[in-house]
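Chemist: This is model-v1.cif, which holds mmCIF, C-alpha atoms:
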data_work
loop_
_atom_site.label_atom_id
_atom_site.label_comp_id
_atom_site.auth_asym_id
_atom_site.auth_seq_id
_atom_site.Cartn_x
_atom_site.Cartn_y
_atom_site.Cartn_z
CA ALA K 90 5.82 11.80 -15.72
CA GLN K 91 4.64 11.43 -12.15
CA SER K 92 6.82 9.37 -9.84
CA VAL K 93 7.84 8.72 -6.27
CA THR K 94 11.43 8.12 -5.21
CA GLN K 95 12.58 6.73 -1.91
CA LEU K 96 16.26 7.45 -1.88
CA ASP K 97 17.35 4.77 0.57
CA SER K 98 16.51 1.11 0.15
CA GLN K 99 17.84 0.30 3.62
CA VAL K 100 18.45 2.39 6.71
CA PRO K 101 20.23 0.78 9.65
CA VAL K 102 20.05 2.63 12.95
CA PHE K 103 20.65 1.96 16.61
CA GLU K 104 17.83 1.91 19.11
CA GLU K 105 16.92 5.32 20.57
CA ALA K 106 18.69 7.14 17.74
CA PRO K 107 16.83 9.54 15.44
CA VAL K 108 15.97 8.51 11.91
CA GLU K 109 14.89 10.14 8.66
CA LEU K 110 13.50 8.24 5.71
CA ARG K 111 13.55 10.26 2.53
CA CYS K 112 10.84 10.59 -0.09
CA ASN K 113 10.72 12.80 -3.18
CA TYR K 114 8.04 13.03 -5.78
CA SER K 115 7.63 14.45 -9.23
CA SER K 116 4.38 16.03 -10.29
CA SER K 117 3.02 19.04 -12.11
CA VAL K 118 -0.26 18.95 -10.20
CA SER K 119 -1.31 19.03 -6.60
CA VAL K 120 -0.54 15.96 -4.54
CA TYR K 121 -1.68 14.13 -1.46
CA LEU K 122 1.12 12.36 0.41
CA PHE K 123 1.19 9.33 2.66
CA TRP K 124 3.55 7.13 4.59
CA TYR K 125 2.66 3.51 5.21
CA VAL K 126 4.44 0.85 7.28
CA GLN K 127 4.48 -2.84 6.45
CA TYR K 128 5.48 -5.54 8.92
CA PRO K 129 6.46 -8.99 7.58
CA ASN K 130 3.62 -10.87 5.90
CA GLN K 131 1.15 -8.13 6.63
CA GLY K 132 -0.66 -5.43 4.75
CA LEU K 133 0.07 -1.74 5.02
CA GLN K 134 -0.77 0.47 7.96
CA LEU K 135 -1.17 4.20 7.51
CA LEU K 136 1.37 6.18 9.53
CA LEU K 137 0.38 9.69 8.47
CA LYS K 138 -0.97 11.76 5.63
CA TYR K 139 -0.67 15.22 4.18
CA LEU K 140 -3.73 16.60 2.46
CA SER K 141 -3.45 20.35 2.95
CA GLY K 142 -2.77 22.94 5.63
CA SER K 143 0.17 22.63 8.00
CA THR K 144 3.19 21.17 6.30
CA LEU K 145 4.31 19.36 9.44
CA VAL K 146 2.21 16.27 9.92
CA LYS K 147 2.23 14.08 13.00
CA GLY K 148 1.28 10.44 12.81
CA ILE K 149 1.11 7.33 14.91
CA ASN K 150 3.96 5.71 16.82
CA GLY K 151 5.79 9.01 17.23
CA PHE K 152 6.46 9.55 13.54
CA GLU K 153 6.15 12.88 11.76
CA ALA K 154 6.75 14.15 8.25
CA GLU K 155 7.18 17.52 6.63
CA PHE K 156 5.85 18.47 3.23
CA ASN K 157 8.25 20.69 1.32
CA LYS K 158 6.67 21.86 -1.88
CA SER K 159 9.73 23.66 -3.23
CA GLN K 160 11.87 20.56 -2.80
CA THR K 161 9.02 18.18 -3.66
CA SER K 162 9.83 16.12 -0.61
CA PHE K 163 7.94 14.42 2.21
CA HIS K 164 10.57 12.99 4.52
CA LEU K 165 9.57 10.83 7.47
CA ARG K 166 11.24 11.35 10.85
CA LYS K 167 11.27 9.91 14.32
CA PRO K 168 13.39 11.38 17.13
CA SER K 169 14.02 8.06 18.89
CA VAL K 170 13.40 4.68 17.32
CA HIS K 171 12.59 1.37 18.97
CA ILE K 172 13.34 -2.19 17.97
CA SER K 173 9.66 -2.56 17.14
CA ASP K 174 9.98 0.09 14.42
CA THR K 175 11.89 -2.38 12.28
CA ALA K 176 9.75 -2.73 9.16
CA GLU K 177 9.36 -1.65 5.56
CA TYR K 178 8.21 1.92 5.02
CA PHE K 179 6.48 3.10 1.87
CA CYS K 180 5.93 6.63 0.71
CA ALA K 181 2.87 7.00 -1.50
CA VAL K 182 1.43 9.82 -3.52
CA SER K 183 -1.96 10.44 -5.00
CA PHE K 184 -1.88 12.75 -7.97
CA SER K 185 -5.58 12.93 -8.66
CA GLY K 186 -8.12 14.27 -6.28
CA GLY K 187 -10.08 11.81 -4.20
CA TYR K 188 -7.44 9.10 -3.91
CA ASN K 189 -8.26 7.45 -7.19
CA LYS K 190 -4.83 5.91 -7.47
CA LEU K 191 -1.77 5.66 -5.27
CA ILE K 192 1.75 5.60 -6.61
CA PHE K 193 4.17 3.90 -4.24
CA GLY K 194 7.86 4.39 -3.77
CA ALA K 195 10.13 1.37 -3.79
CA GLY K 196 10.19 1.21 -0.01
CA THR K 197 12.82 1.68 2.68
CA ARG K 198 13.77 -1.09 5.02
CA LEU K 199 14.33 0.36 8.50
CA ALA K 200 16.45 -1.95 10.63
CA VAL K 201 16.76 -0.94 14.27
CA HIS K 202 19.64 -2.56 16.14
CA PRO K 203 20.06 -2.84 19.92
CA GLY I 82 -12.55 1.94 12.42
CA ALA I 83 -11.78 1.49 8.71
CA VAL I 84 -10.90 -2.19 8.88
CA VAL I 85 -10.29 -4.18 5.73
CA SER I 86 -10.33 -7.95 5.99
CA GLN I 87 -8.70 -10.19 3.42
CA HIS I 88 -9.24 -13.93 3.15
CA PRO I 89 -7.50 -16.30 2.95
CA SER I 90 -4.21 -15.09 4.39
CA TRP I 91 -2.27 -17.96 2.85
CA VAL I 92 -3.13 -20.41 0.11
CA ILE I 93 -1.18 -23.17 -1.56
CA CYS I 94 -2.60 -24.90 -4.59
CA LYS I 95 -1.66 -26.92 -7.61
CA SER I 96 -0.86 -25.42 -10.97
CA GLY I 97 -3.93 -25.07 -13.16
CA THR I 98 -6.44 -24.43 -10.41
CA SER I 99 -8.31 -21.19 -9.81
CA VAL I 100 -8.03 -19.30 -6.55
CA LYS I 101 -10.43 -16.73 -5.17
CA ILE I 102 -9.35 -14.03 -2.73
CA GLU I 103 -11.90 -11.96 -0.83
CA CYS I 104 -11.55 -8.38 0.35
CA ARG I 105 -14.13 -7.00 2.75
CA SER I 106 -14.58 -3.59 4.31
CA LEU I 107 -15.88 -4.47 7.77
CA ASP I 108 -17.10 -1.17 9.17
CA PHE I 109 -17.54 1.08 6.17
CA GLN I 110 -18.82 1.06 2.63
CA ALA I 111 -16.40 1.15 -0.24
CA THR I 112 -17.48 1.94 -3.78
CA THR I 113 -13.88 1.59 -4.83
CA MET I 114 -11.40 -1.09 -3.88
CA PHE I 115 -7.92 -1.67 -5.19
CA TRP I 116 -5.91 -4.81 -5.83
CA TYR I 117 -2.14 -4.83 -5.60
CA ARG I 118 0.55 -7.38 -6.20
CA GLN I 119 3.81 -7.38 -4.29
CA PHE I 120 6.90 -9.39 -5.15
CA PRO I 121 9.47 -10.21 -2.45
CA LYS I 122 11.37 -7.15 -1.27
CA GLN I 123 9.58 -4.94 -3.77
CA SER I 124 6.94 -2.28 -3.70
CA LEU I 125 3.24 -2.63 -4.39
CA MET I 126 2.10 -2.71 -7.97
CA LEU I 127 -1.47 -1.68 -8.64
CA MET I 128 -3.22 -4.35 -10.67
CA ALA I 129 -6.73 -2.97 -10.92
CA THR I 130 -9.32 -0.67 -9.47
CA SER I 131 -12.51 -2.41 -8.52
CA ASN I 132 -15.74 -0.43 -8.82
CA GLU I 133 -18.97 -1.59 -7.22
CA GLY I 134 -21.53 -2.51 -9.83
CA SER I 135 -19.30 -2.00 -12.82
CA LYS I 136 -16.28 -3.45 -14.55
CA ALA I 137 -12.88 -3.17 -12.97
CA THR I 138 -10.24 -0.90 -14.44
CA TYR I 139 -7.04 -2.82 -15.07
CA GLU I 140 -3.58 -1.37 -15.21
CA GLN I 141 -1.52 -1.73 -18.33
CA GLY I 142 0.01 -5.17 -18.65
CA VAL I 143 -2.42 -6.92 -16.29
CA GLU I 144 -4.33 -9.74 -17.92
CA LYS I 145 -8.04 -9.25 -17.41
CA ASP I 146 -8.86 -12.87 -18.16
CA LYS I 147 -6.22 -14.12 -15.74
CA PHE I 148 -7.19 -11.88 -12.85
CA LEU I 149 -10.97 -11.67 -12.61
CA ILE I 150 -12.34 -9.00 -10.31
CA ASN I 151 -15.89 -8.80 -9.04
CA HIS I 152 -17.22 -6.05 -6.81
CA ALA I 153 -20.78 -7.13 -6.19
CA SER I 154 -21.51 -5.13 -3.06
CA LEU I 155 -20.29 -2.06 -1.22
CA THR I 156 -18.33 -4.21 1.22
CA LEU I 157 -16.92 -7.04 -0.88
CA SER I 158 -14.55 -7.35 -3.80
CA THR I 159 -13.07 -10.63 -5.02
CA LEU I 160 -10.00 -11.41 -7.07
CA THR I 161 -9.92 -14.75 -8.84
CA VAL I 162 -6.64 -15.95 -10.25
CA THR I 163 -7.71 -18.30 -13.01
CA SER I 164 -5.67 -21.32 -14.09
CA ALA I 165 -2.90 -20.28 -11.74
CA HIS I 166 0.70 -21.13 -12.53
CA PRO I 167 3.89 -20.83 -10.46
CA GLU I 168 4.64 -17.39 -11.92
CA ASP I 169 1.41 -16.15 -10.34
CA SER I 170 2.83 -16.88 -6.90
CA SER I 171 2.97 -13.60 -5.04
CA PHE I 172 1.60 -11.52 -2.19
CA TYR I 173 -1.72 -9.96 -3.12
CA ILE I 174 -3.05 -7.02 -1.13
CA CYS I 175 -6.36 -5.23 -1.38
CA SER I 176 -7.34 -1.81 -0.15
CA ALA I 177 -10.51 0.17 0.17
CA ARG I 178 -11.38 3.81 0.47
CA ILE I 179 -14.11 5.25 2.64
CA GLU I 180 -16.72 6.88 0.49
CA GLY I 181 -18.38 10.20 0.89
CA SER I 182 -15.72 11.76 3.04
CA GLY I 183 -13.62 13.54 0.47
CA ASN I 184 -10.01 13.17 1.41
CA GLN I 185 -9.64 9.76 2.95
CA PRO I 186 -6.72 7.42 2.39
CA GLN I 187 -6.81 3.83 1.33
CA HIS I 188 -6.99 1.22 4.08
CA PHE I 189 -5.25 -2.05 3.44
CA GLY I 190 -6.00 -5.67 4.16
CA ASP I 191 -3.36 -7.97 5.60
CA GLY I 192 -2.64 -9.56 2.25
CA THR I 193 -2.84 -13.06 0.80
CA ARG I 194 0.26 -15.13 0.22
CA LEU I 195 -0.42 -17.26 -2.88
CA SER I 196 1.88 -20.17 -3.64
CA ILE I 197 1.32 -22.22 -6.78
CA LEU I 198 3.08 -25.57 -6.90
#
Take the structure I supplied and represent it as structure tokens, if you would.
Modeler:
Amino acid sequence: AQSVTQLDSQVPVFEEAPVELRCNYSSSVSVYLFWYVQYPNQGLQLLLKYLSGSTLVKGINGFEAEFNKSQTSFHLRKPSVHISDTAEYFCAVSFSGGYNKLIFGAGTRLAVHP
Amino acid sequence: GAVVSQHPSWVICKSGTSVKIECRSLDFQATTMFWYRQFPKQSLMLMATSNEGSKATYEQGVEKDKFLINHASLTLSTLTVTSAHPEDSSFYICSARIEGSGNQPQHFGDGTRLSIL
């Protein structure tokens, strides 16, 4: 069965420290991978996407992610976080071509402390 | 670009009433829109895929008669929660995908907080 796992439900970190939010998926077919951010009482904003090509993807707000096919992972990283990065982060995977359906991970709450 | 507008952002109503939520793609056309439901501190659960000019495709376990979806134009999809009850209280989010451009992600509205008293 196809699935998406976000290994950490919460990640506390101090301001200006690096952070990695983990995401693994399970699929027997090709995938498209996404990271979205959700601020309180808001919808989701696309941070970055992997469709094909370079496995290192750079997104908005200084975030980047690396697609690792052998480890079926798509971890999100930022070298130095800010208080404003505090939010919920969702990894999502599309298993069928053309974005017909997204499967979301459970989400990771990033809490940045001063 | 790729802005999705959802209205209303917050609605409170009495049990037994019906509530309509609108999802509009403001600067692009969307043959396909998606409706999600999100419970507090949980992930998004896909309820249905809305297709312009045809019937929506509902996910397993979602009541079609409870959650009516209409996608009458390339820029508007509506979700009507019929005879709403307190257990229908939730955060509903829509998304839309830009058509004709192959690999484009879904763009999300800001959600609608529905509270049934």
Chemist: List the neighbours of I:Asp108 out to 10 Å using only C-alpha atoms; skip same-chain residues closer than 3 positions along the sequence, and give me the result as a PDB file with C-alpha atoms, in the frame of the given file.
Modeler:
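Wrote selection02.pdb, looks like this:
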ATOM      1  CA  GLY I  82     -12.550   1.940  12.420  1.00  0.00           C
ATOM      2  CA  ALA I  83     -11.780   1.490   8.710  1.00  0.00           C
ATOM      3  CA  VAL I  84     -10.900  -2.190   8.880  1.00  0.00           C
ATOM      4  CA  VAL I  85     -10.290  -4.180   5.730  1.00  0.00           C
ATOM      5  CA  ARG I 105     -14.130  -7.000   2.750  1.00  0.00           C
ATOM      6  CA  ALA I 111     -16.400   1.150  -0.240  1.00  0.00           C
ATOM      7  CA  THR I 156     -18.330  -4.210   1.220  1.00  0.00           C
ATOM      8  CA  ILE I 179     -14.110   5.250   2.640  1.00  0.00           C
TER       9      ILE I 179
END
Chemist: Taking the file above as input, evaluate the PyMOL selection byres ((chain K and resi 194) around 7) and report the hits as a compact mmCIF listing (two decimals) with C-alpha atoms, in the frame of the given file.
Modeler:
# COMPACT_ATOMS: atom_id res chain seq x y z
CA VAL K 93 7.84 8.72 -6.27
CA THR K 94 11.43 8.12 -5.21
CA GLN K 95 12.58 6.73 -1.91
CA PHE K 179 6.48 3.10 1.87
CA CYS K 180 5.93 6.63 0.71
CA ALA K 181 2.87 7.00 -1.50
CA ILE K 192 1.75 5.60 -6.61
CA PHE K 193 4.17 3.90 -4.24
CA ALA K 195 10.13 1.37 -3.79
CA GLY K 196 10.19 1.21 -0.01
CA SER I 124 6.94 -2.28 -3.70
Chemist: Can you work out which residues from chain I touch chain K at a cut-off of 7 Å (counting all atoms listed in the file) and hand them back as a VMD selection string?
Modeler: chain I and resid 123 to 125 174 183 to 184 186 189 to 192
Chemist: For the atom pair atom CA of I:Ile102 and atom CA of I:Glu133, what is the interatomic distance in Å to one decimal place?
Modeler: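 One can read the atom CA of I:Ile102 to atom CA of I:Glu133 distance as 16.4 Å.
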Chemist: Using the chain letters and numbers from this file, what does the PyMOL selection byres ((chain K and resi 108-112) around 7) select? Give the answer as a list in words.
Modeler: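 Against this file, the PyMOL selection byres ((chain K and resi 108-112) around 7) returns the residues Thr94, Gln95, Leu96, Asp97, Ala106, Pro107, Asn113, Tyr114, Ser162, Phe163, His164, Leu165, Arg166, Lys167, Pro168 and Cys180 of chain K.
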Chemist: Give me the result of the PyMOL selection byres ((chain K and resi 155) around 6) on this file, residue by residue, as a VMD selection string.
Modeler: chain K and resid 144 to 145 154 156 163
Chemist: Using all atoms listed in the file, pick whichever of I:Thr113, I:Ser96, I:Ser90, I:Ser176 has the shortest atom-to-atom distance to I:His188.
Modeler: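 Closest to I:His188 of all the choices is I:Ser176.
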Chemist: For stretch 141-147 of chain I, work out the shell of residues within 10 Å, counting all atoms listed in the file and skipping chain neighbours fewer than 2 positions away, then give it as a list in words.
Modeler: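 Here the qualifying residues turn out to be Ser99, Leu127, Met128, Ala129, Ala137, Thr138, Tyr139, Leu149, Ile150, Leu160, Thr161, Val162, Thr163, Ser164, Ala165 and Asp169 of chain I.
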Chemist: Next, write the just-selected residues to a file, as an mmCIF file, in the frame of the given file, keeping C-alpha atoms as the atom set.
Modeler:
data_model
loop_
_atom_site.group_PDB
_atom_site.id
_atom_site.type_symbol
_atom_site.label_atom_id
_atom_site.label_comp_id
_atom_site.auth_asym_id
_atom_site.auth_seq_id
_atom_site.Cartn_x
_atom_site.Cartn_y
_atom_site.Cartn_z
ATOM 1 C CA SER I 99 -8.310 -21.190 -9.810
ATOM 2 C CA LEU I 127 -1.470 -1.680 -8.640
ATOM 3 C CA MET I 128 -3.220 -4.350 -10.670
ATOM 4 C CA ALA I 129 -6.730 -2.970 -10.920
ATOM 5 C CA ALA I 137 -12.880 -3.170 -12.970
ATOM 6 C CA THR I 138 -10.240 -0.900 -14.440
ATOM 7 C CA TYR I 139 -7.040 -2.820 -15.070
ATOM 8 C CA LEU I 149 -10.970 -11.670 -12.610
ATOM 9 C CA ILE I 150 -12.340 -9.000 -10.310
ATOM 10 C CA LEU I 160 -10.000 -11.410 -7.070
ATOM 11 C CA THR I 161 -9.920 -14.750 -8.840
ATOM 12 C CA VAL I 162 -6.640 -15.950 -10.250
ATOM 13 C CA THR I 163 -7.710 -18.300 -13.010
ATOM 14 C CA SER I 164 -5.670 -21.320 -14.090
ATOM 15 C CA ALA I 165 -2.900 -20.280 -11.740
ATOM 16 C CA ASP I 169 1.410 -16.150 -10.340
#
Chemist: Name the residues within 8 Å of (4.6, 10.6, -9.8), counting only C-alpha atoms in the file's coordinates, and put them as a list in words.
Modeler: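 Every polymer residue passing the test: Ala90, Gln91, Ser92, Val93, Tyr114, Ser115, Ser116, Val182, Phe184 and Ile192 of chain K.
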Chemist: Can you work out the spacing between atom CA of K:Val201 and atom CA of I:Arg194 in Å, to one decimal?
Modeler: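 Computing it gives 25.9 Å between the two atoms.
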Chemist: For K:Ser143, which residue out of K:Ala176, K:Glu105, K:Asn157, K:Val118 is the nearest one, using only C-alpha atoms?
Modeler: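 Residue with the minimum atom-to-atom distance to K:Ser143: K:Asn157.
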Chemist: Within 7 Å of K:Gly148, counting all atoms listed in the file, which residues qualify if same-chain residues fewer than 4 places away don't, as a list in words?
Modeler: Leu136, Leu137, Phe152 and Glu153 of chain K
Chemist: Between atom CA of K:Pro203 and atom CA of K:Asn150, measure the distance and give it in Å to one decimal.
Modeler: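 We find that atom CA of K:Pro203 and atom CA of K:Asn150 lie 18.5 Å from each other.
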Chemist: Determine the nearest neighbour of I:Thr130 from the options I:Asn151, I:Val92, I:Met114, I:Ser196, counting all atoms listed in the file.
Modeler: I:Met114
Chemist: Out of K:Phe103, K:Ser117, K:Val170, K:Trp124, which residue has the shortest atom-to-atom distance to K:Lys147 when counting only C-alpha atoms?
Modeler: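 Of all the options, K:Trp124 lies closest to K:Lys147.
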Chemist: Given all atoms listed in the file as the basis, pick out the residue of I:Gln187, I:Cys175, I:His166, I:Phe148 nearest to I:Gly97.
Modeler: I:His166
Chemist: Hey, what's within 10 Å of I:Phe120 if we count only C-alpha atoms and toss same-chain stuff fewer than 5 positions away? As an NGL selection string, please?
Modeler: :I and (125-126 or 170-173)
